[in-house]
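Trainee: Dumping the structure here so I can ask a few things about it.
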Amino acid sequence: MNATDRLTELFMRFPGIGPKQARRFVYYLLREHSHYKEQLIKALEELKSTGKQCEKCYRYFGDKSFNSDMKMCDICADENRDLGTFMIVEKELDLDAVEKTGSYNGLYFILGGVIPPLTEKPSELIRIRELTSRIHKEIELNTLKEIIFALPVTDYGDTTKEYVEKTINQIVGIKDIKISHLARGLSSGLELEYVDRDTFKSALERRD
Ligand SMILES: [Zn+2]
């Protein structure tokens, strides 16, 4: 396989990218002068060596300032945040969107996906074991006060929420922790990824 076909295949693995778009990217790269390509190669190499996953919230991020002793991202390591609250989101982009609103000061947990209705082995599609282990640990340390669900308002999001809630409700000691959900109704089917500041703030304030 030549480089053009190989690159097309690699681009097709990107979320939402089909064969035509992948081909378009390759032609774009062929046209671009070598300086751009060098920058791209350099950035990819840097991402390869500095890209990390936080051991607490499981978010992937590329950051030179990552503290490898703590193995945590800057948000989880920030003592000025409300360490007793964490928000369950589907993906990194949701976390980025919430951070951009500047209206939330707690921590996060990235579930890494959502579950389609009627899935037989839901535990293989999301980080449920990692989530329960974090909750167990925090209950032991007596640090956890609230878990906020911020999953998509879709069939997949609802299936996931039901499964996760059922699972964590079986954890001993969870009864003393508040479980809440971002308020709905502002816009059904709303994706957190595209939420604006006021909508998010209101959904957070009216959580129940
Ligand atoms: Zn983190």
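Labels for the structure tokens follow display order: chains A, B, ..., residues from 1 in each chain, ligands from 1.
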Would you mind listing the residues within 10 Å of ligand 1, counting only C-alpha atoms and all ligand atoms, as a list in words?
Mentor: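 Answer in the requested format: Gln53, Cys54, Glu55, Lys56, Cys57, Tyr58, Arg59, Tyr60, Phe61, Lys71, Met72, Cys73, Asp74, Ile75, Cys76, Ala77, Asp78, Leu107, Tyr108, Phe109 and Ile110 of chain A.
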Trainee: Among segment 23-107 of chain A, which ones does DSSP assign to helix (DSSP H, G or I) (computed from the backbone)? Answer as number ranges by chain.
Mentor: A: 23-31, 34-50, 92-101
Trainee: Select, from A:Glu90, A:Glu140, A:Glu205, A:Asp196, the residue with the minimum atom-to-atom distance to Val153 of chain A, counting only C-alpha atoms.
Mentor: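 Closest candidate: A:Glu90.
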Trainee: Of the candidates A:Tyr104, A:Phe86, A:Tyr156, A:Tyr194, which shows the shortest atom-to-atom distance to Leu131 of chain A, using only C-alpha atoms?
Mentor: A:Phe86
Trainee: Show which residues sit within 12 Å of Arg6 of chain A, as a list in words. Count only C-alpha atoms, and ignore same-chain residues fewer than 3 positions away.
Mentor: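 Listed by chain and then number, they are Met1, Asn2, Ala3, Glu9, Leu10, Phe11, Met12, Arg13, Pro19, Ala22, Arg23 and Val26 of chain A.
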Trainee: Could you take the residues named above and write them with N, CA and C atoms, as a short mmCIF file (atom, residue, chain, number, x, y, z; two decimals), in the first residue's frame?
Mentor:
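Output below, filename part_22.cif:
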```cif
data_model
loop_
_atom_site.label_atom_id
_atom_site.label_comp_id
_atom_site.auth_asym_id
_atom_site.auth_seq_id
_atom_site.Cartn_x
_atom_site.Cartn_y
_atom_site.Cartn_z
N MET A 1 0.84 -1.21 0.00
CA MET A 1 0.00 0.00 0.00
C MET A 1 0.88 1.26 0.00
N ASN A 2 0.56 2.22 -0.86
CA ASN A 2 1.37 3.44 -0.87
C ASN A 2 0.95 4.42 0.23
N ALA A 3 1.74 5.45 0.40
CA ALA A 3 1.51 6.39 1.51
C ALA A 3 0.15 7.07 1.41
N GLU A 9 -6.56 5.63 4.89
CA GLU A 9 -7.09 4.66 5.87
C GLU A 9 -6.98 5.18 7.29
N LEU A 10 -5.84 5.81 7.58
CA LEU A 10 -5.63 6.33 8.94
C LEU A 10 -6.62 7.45 9.27
N PHE A 11 -6.86 8.33 8.30
CA PHE A 11 -7.81 9.43 8.54
C PHE A 11 -9.23 8.90 8.70
N MET A 12 -9.52 7.78 8.02
CA MET A 12 -10.87 7.21 8.12
C MET A 12 -11.19 6.69 9.52
N ARG A 13 -10.16 6.51 10.32
CA ARG A 13 -10.41 6.07 11.71
C ARG A 13 -10.83 7.23 12.61
N PRO A 19 -14.57 7.95 3.73
CA PRO A 19 -13.50 7.80 2.75
C PRO A 19 -13.24 9.06 1.92
N ALA A 22 -11.53 11.69 4.02
CA ALA A 22 -10.17 11.23 4.30
C ALA A 22 -9.28 11.51 3.09
N ARG A 23 -9.81 11.25 1.91
CA ARG A 23 -9.08 11.49 0.66
C ARG A 23 -8.79 12.98 0.50
N VAL A 26 -5.88 13.99 2.49
CA VAL A 26 -4.62 13.55 1.88
C VAL A 26 -4.22 14.49 0.74
#
```
Trainee: Got a sec to tell me which of segment 62-187 of chain A DSSP assigns to strand (DSSP E or B), as number ranges by chain?
Mentor: A: 62, 67, 72, 85-89, 107-110, 146-149, 178-181
Trainee: Please provide the set of residues having any atom within 9 Å of Ile126 of chain A, restricted to only C-alpha atoms, with same-chain residues fewer than 6 positions apart removed, written as an NGL selection string.
Mentor: :A and (90 or 111-115 or 160)
Trainee: So which one's closest to Glu130 of chain A, A:Val164, A:Ile148, A:Val98, A:Leu29? Using only C-alpha atoms, please.
Mentor: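 The closest residue to Glu130 of chain A is A:Val164.
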Trainee: Which residue, A:Leu204, A:Asp94, A:Ile171, A:Glu165, has the smallest gap to Glu191 of chain A when you use only C-alpha atoms?
Mentor: A:Asp94
Trainee: Quick one: of A:Asp176, A:Asp96, A:Glu120, A:Glu46, who's nearest to Ile139 of chain A, counting only C-alpha atoms?
Mentor: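 Closest to Ile139 of chain A, using only C-alpha atoms: A:Asp176.
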Trainee: To one decimal in Å, tell me the separation between atom CA of Asn80 of chain A and atom CA of Asn105 of chain A.
Mentor: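 Going from atom CA of Asn80 of chain A over to atom CA of Asn105 of chain A, I get 8.4 Å.
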Trainee: Set the distance at 10 Å and use only C-alpha atoms: which residues neighbour Gly84 of chain A once local chain neighbours fewer than 6 positions away are removed? I'd like the list as a VMD selection string.
Mentor: chain A and resid 106 to 107 138 142 to 147 177
